[in-house]
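Trainee: Here it is, the structure in full.
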Amino acid sequence: MNPKNILQFWRDVEIFNLPDFDPKKTTLLEKNTPFPWEMKKKNEENKKWRYTITFGNIPKASIIEEIKNSSSKNIEKKQWEEPITGESCFSVLTLDENGQPDAKSYTLASFVLGLKALSKNNNMAIVHTDLQKVTDEYLERYNIAKLFESKEENPKGETISWAYINKEIQYLKTLNSWYSDEIKVYCSEYEVNKNSQQEATTFLNSFYLDDLNRLIEDKTQLSLTLQKFLSSETPSQKYDLIETKTDLFATINPKKMTEGRWPSELKYGLCTAQLGAVNTIFSELSDKSGMQGVNGPPGTGKTTLLLDVIAQIVVNRAKTIINIGAENIFGKYNQININDSKFISIYELNTNLQKNFGIVVASNNNSAVENISKELPQRKKIDTKAFPNADYFSEYAKDFTNEENWGILAAALGNSENKNKFYNLFWKSFTKDKNDKSIIDKSQSNFYNYLQENQELQEQHQKEFELTKKQFLTLLHKFNSFKKTAVDFHNKYEEFSKNKSRKEELEKVNNGLINDIKFLSEKITKLKTTNEQTEKERDALKTLIETLNDRKPLFFFFHKLFSTQSFVKWSNEASDIIEQFNDISSKITHFHKEIKEYEKQQNDLEDIKENNDYQLNIIREFENKYNELKNQLINEYGVEEKNIFDENFIVKDLKEIHLLSPYHSEKVAKLRSEIFLKALDIHKYTILANAKNFRNNLDAFFQMILGSAKVSEELTITLWDSFFFCIPVVSTSLASASRLFPNMIENQIGWLLIDEAGQATPQSAVGLIQRSKRCVIVGDPLQVEPVVTIPEALVEKLRENHNVSNIWSPYLTSVQQLADRISKYGTLMGKDSEEEIWTGFPLRTHRRCFNPMFDIANTIAYNNQMVKGTEDKNEHEYIGVSCWFDIQGEGMGDNQVIPNEIECLKDKIKELKGNGYQGEIYVISPFKAVADQCRKEFLKEANVSCGTIHTFQGKEADVVFLVLGSQPQSEGSRKWASSKPNMLNVALTRAKKRCYVIGNKELWGKHPYFNLMAEKI
């Protein structure tokens, strides 16, 4: 399958993304009244006014209805379907302080043209072409010169009058013949930076539409990582880390262990799967592009894992800096024009530091993004007792969060508000005057001024760099010594195991040999004793024969010839003796032969035993070395024996193994954390030794992202990597990414970490994946799924138009699932069932929920694979154990709200607070109408948060109330909520200690997943 077919399908879906419009935040323009730009208004220093005109105020429900009417597919309303709420609009027009539009001011909502194409059954590709035509028609309507025809960089039109507004309304009516209501016009006004360039409100349409269109173009070469993401092929070799323990063990080999560690509390190490995941990410992706999915059920430490990934990337860049040298970080400079009177110099960054180390953390869950960018700088996220001096320009991070901060580790830059906020806090400091207006205070400390001040100390900082470099290399050497010991020990296990079996076999054989040799020795001794006795008898007979010979008759020949009586007597006597002599001699010969044979057998056995003893000595020497290494890990490095990969580790149950922290100790954790902190110092002194270069580049960077300067693609990379050099992590929502990185440069981002990827539509990440060299996709397809607002039947129609498999449908898949399917390391969930699914690297140690929440979630969603890493503690009475308050009742209409349940909720929260509970309380419902009603009831309660399950993804509280709702007759709504385990799984796992369910137990208890909860609670 051509991957661009998939992109075209996703592009078609995004065409019908409906823009949000809130008329309450704007002003309705009354016909023929003065416009805001016609009134003289003061503006703040270094600011200017900007206006946005919005055409139309249309209920989204009306647009969805028209989509259904225009589609050839039969789209039925599901009984439980929540009503579409909110308003949308047709188009927007941005104006400067004089009320003038420019060539880029206009945006038409793409759904307008999508509806037109849908009604005519046209290929949706025409929408992209039609949007270009719309731009041309706009320029004609507003008398604006086309860009290629104008000498101006961004030509402007005349000041907007009511004639233009009326003309625009008529134009929109021709495009929206289905809409018969009046098209109202709204205006919003706001102040922007004086040097900021005017931009179109591209967010009116899908955040992802432009990226998708650019990727579809024939000239665009898809990156290897994106090609892999869009490939129909899955890895030929997969490693099931739950099914096959040896595959899991291979991931924790200390040869893969990273040098850096986030300086969190020393006693806590990564559990087995977390360690394996970090090791695998770097062993698989360090030197090449690619993607790794990580499957993290609730409370399994996804953020903890990401922190260690970030730490190692910083360490890797520090090693590169050392190889380059602080004096070789920058090359030649380029001048760019900010405005007619201002230029700025940009210094080219060493190519070894470009497109390799920048870290972008993204999610379509804004709270998840905010958590990362807020947590990294906070002092409470590190072990301050172990690292009291941890500091990375902390003075300039003091206002990043509401907590005490230790360093400028992350910047939230996704949208304009975040960019301006970070700029003001970090680069240009502001204070409030008596009229509560922001003014620049040149005397106030900020990073821009700090770099100016430190320029004169360049030589000193170069010396500090060299000293830090030596300290860093010393720490690396210490870690490598530990790593060598651990690797030597770990890699000897296979030989140790074989030796153990061989030793047992050899000792068993030797025991048999000893017995056989003893038996032969005893037999030989016995034979020799018997032989000696026999030889004595033979010697006696020999003497007797000699005596007998002396007694031969005289003239023996004649006696023998004539057989005399004397001869016969002698002869008979001699014959007996000789016969006895010969018989005994024969016995002696046999004894000698037998003794010789037994002695040979004995010698052979002794040779075998000697060889076995030699082999046993080698094995014992190996065991001694093996045990020396083990004792070294225990005694010198402080690793607990249970965390050492040995014969006891291997035979443990997989659930026990997941609770362990292989090769972790406080001493090793401290060493690895110090390596990370020293790596930050390497960055710090490199920045200070090159203060002028960094100051110029960061200044240009902020001008670029704030829209005050245009920069070439090549210099864009330099500016971004200069910023990443100073601040390792940038967080953004997936929706804001294309604005933050407007250039579609392949692999411009070193590392993309997507969090909560299970709830991201597949098309939402393709632009960032194209821009990123390596992608780590973290999430859980068994939690909140992607939200798709357009009708499923229309999605199916668009999919069929491009002959694309349903695995690419945003209704059936997510970024997480697509990343998981191409990950070599993972596990098979729901084996031999219809719900069988391959997930990415499985994290399984859960450290959040008490029971029964853990047991229920583990059973309904994770095949009981999760391992509980917390103990249930009853340190607070709450209002009893987790339970189900069985509430009967009905409501009005079909909005799923049951008043009796709301009353029960109010009573129970009042009781809970009456018992002295002052912590956070979450109130969750599967239905928006129920959540909205709960929110109204608790508007004034600061610590009570209400919402649907989507609202609380990634969050946790000690106490959760699950308000089920659902009219008794609305069986379909309960079937929908119980069609998958996802909703109940998320709701339950928000609760750390108590979950109280409110709803009709009989009605809900009949449905999958909820029936188990009815048994357990």
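Chain identifiers are assigned as A, B, and so on, following the order in which chains appear in the structure tokens; residues are numbered from 1 within each chain, and ligands are numbered from 1 in order of appearance.
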Write out as a list in words each polymer residue whose atoms come within 12 Å of Thr129 of chain A, counting only C-alpha atoms; drop sequence neighbours fewer than 3 positions from it.
Mentor: Ser110, Leu113, Gly114, Ala117, Asn123, Met124, Ala125, Ile126, Gln132, Lys133, Val134, Thr135, Asp136 and Asn213 of chain A
Trainee: Which neighbours of Asn510 of chain A fall inside 10 Å, counting only C-alpha atoms, when residues of the same chain fewer than 2 positions from it are skipped, and could you give them as a list in words?
Mentor: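 Non-adjacent residues within range: Glu504, Glu505, Leu506, Glu507, Lys508, Gly512, Leu513, Ile514, Asn515, Asp516, Ile517, Leu605, Glu606, Ile608, Lys609, Glu610, Asn612 and Asp613 of chain A.
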Trainee: Restricting the output to C-alpha atoms, write the selected residues as a PDB file, in the first residue's frame.
Mentor:
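Saved to out29.pdb:
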```
ATOM      1  CA  GLU A 504      27.035 -31.625  39.282  1.00  0.00           C
ATOM      2  CA  GLU A 505      27.535 -34.116  36.472  1.00  0.00           C
ATOM      3  CA  LEU A 506      31.312 -34.299  37.006  1.00  0.00           C
ATOM      4  CA  GLU A 507      30.981 -34.637  40.768  1.00  0.00           C
ATOM      5  CA  LYS A 508      28.396 -37.350  40.279  1.00  0.00           C
ATOM      6  CA  GLY A 512      31.036 -43.142  40.881  1.00  0.00           C
ATOM      7  CA  LEU A 513      34.675 -43.245  39.781  1.00  0.00           C
ATOM      8  CA  ILE A 514      35.873 -43.088  43.370  1.00  0.00           C
ATOM      9  CA  ASN A 515      33.638 -46.011  44.232  1.00  0.00           C
ATOM     10  CA  ASP A 516      34.747 -47.931  41.150  1.00  0.00           C
ATOM     11  CA  ILE A 517      38.430 -47.154  41.784  1.00  0.00           C
ATOM     12  CA  LEU A 605      39.443 -44.457  35.814  1.00  0.00           C
ATOM     13  CA  GLU A 606      42.055 -42.439  37.658  1.00  0.00           C
ATOM     14  CA  ILE A 608      39.274 -39.864  33.902  1.00  0.00           C
ATOM     15  CA  LYS A 609      38.970 -38.651  37.461  1.00  0.00           C
ATOM     16  CA  GLU A 610      42.137 -36.609  37.097  1.00  0.00           C
ATOM     17  CA  ASN A 612      37.406 -34.403  35.790  1.00  0.00           C
ATOM     18  CA  ASP A 613      39.263 -32.921  38.716  1.00  0.00           C
TER      19      ASP A 613
END
```
Trainee: Please identify every residue of segment 468-507 of chain A that has at least one atom no farther than 8 Å from an atom of segment 617-630 of chain A, counting only C-alpha atoms, and for each give the shortest atom pair and the distance in Å to one decimal, arranged by chain then increasing number, as JSON lines.
Mentor:
```
{"residue": "A:Thr485", "atom": "CA", "partner": "A:Leu629", "partner_atom": "CA", "distance": 6.4}
{"residue": "A:Ala486", "atom": "CA", "partner": "A:Leu629", "partner_atom": "CA", "distance": 7.6}
{"residue": "A:Asp488", "atom": "CA", "partner": "A:Leu629", "partner_atom": "CA", "distance": 7.7}
{"residue": "A:Phe489", "atom": "CA", "partner": "A:Leu629", "partner_atom": "CA", "distance": 5.9}
{"residue": "A:Lys492", "atom": "CA", "partner": "A:Tyr626", "partner_atom": "CA", "distance": 7.1}
{"residue": "A:Phe496", "atom": "CA", "partner": "A:Glu623", "partner_atom": "CA", "distance": 7.2}
{"residue": "A:Asn499", "atom": "CA", "partner": "A:Ile619", "partner_atom": "CA", "distance": 6.3}
{"residue": "A:Lys503", "atom": "CA", "partner": "A:Ile619", "partner_atom": "CA", "distance": 7.1}
```
Trainee: What separation in Å, quoted to one decimal, exists between atom CA of Leu275 of chain A and atom CA of Gln312 of chain A?
Mentor: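 Between these atoms lies a distance of 12.7 Å.
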Trainee: Could you name the residues that touch Lys40 of chain A at 12 Å or less, counting only C-alpha atoms, but leaving out those on the same chain fewer than 5 positions away, as a PDB file with N, CA, C and O atoms, in the first residue's frame?
Mentor:
```pdb
ATOM      1  N   PRO A  34     -19.323  52.023  13.641  1.00  0.00           N
ATOM      2  CA  PRO A  34     -17.868  52.181  13.488  1.00  0.00           C
ATOM      3  C   PRO A  34     -17.121  50.904  13.892  1.00  0.00           C
ATOM      4  O   PRO A  34     -17.530  50.178  14.806  1.00  0.00           O
ATOM      5  N   PHE A  35     -16.019  50.655  13.223  1.00  0.00           N
ATOM      6  CA  PHE A  35     -15.166  49.515  13.549  1.00  0.00           C
ATOM      7  C   PHE A  35     -14.172  49.905  14.650  1.00  0.00           C
ATOM      8  O   PHE A  35     -13.832  51.097  14.788  1.00  0.00           O
ATOM      9  N   TRP A  49      -2.068  47.017  18.088  1.00  0.00           N
ATOM     10  CA  TRP A  49      -3.355  46.336  18.074  1.00  0.00           C
ATOM     11  C   TRP A  49      -3.447  45.411  16.864  1.00  0.00           C
ATOM     12  O   TRP A  49      -2.871  45.659  15.805  1.00  0.00           O
ATOM     13  N   GLU A  97      -3.274  47.061  12.815  1.00  0.00           N
ATOM     14  CA  GLU A  97      -3.777  48.119  13.691  1.00  0.00           C
ATOM     15  C   GLU A  97      -4.615  49.158  12.936  1.00  0.00           C
ATOM     16  O   GLU A  97      -5.408  49.893  13.535  1.00  0.00           O
ATOM     17  N   ASN A  98      -4.452  49.200  11.605  1.00  0.00           N
ATOM     18  CA  ASN A  98      -5.222  50.147  10.786  1.00  0.00           C
ATOM     19  C   ASN A  98      -6.453  49.511  10.147  1.00  0.00           C
ATOM     20  O   ASN A  98      -7.123  50.150   9.330  1.00  0.00           O
ATOM     21  N   GLY A  99      -6.709  48.240  10.506  1.00  0.00           N
ATOM     22  CA  GLY A  99      -7.844  47.548   9.922  1.00  0.00           C
ATOM     23  C   GLY A  99      -7.578  47.068   8.506  1.00  0.00           C
ATOM     24  O   GLY A  99      -8.515  46.830   7.738  1.00  0.00           O
TER      25      GLY A  99
END
```
Trainee: What separation in Å, quoted to one decimal, exists between atom CA of Glu466 of chain A and atom CA of Ala386 of chain A?
Mentor: 24.9 Å
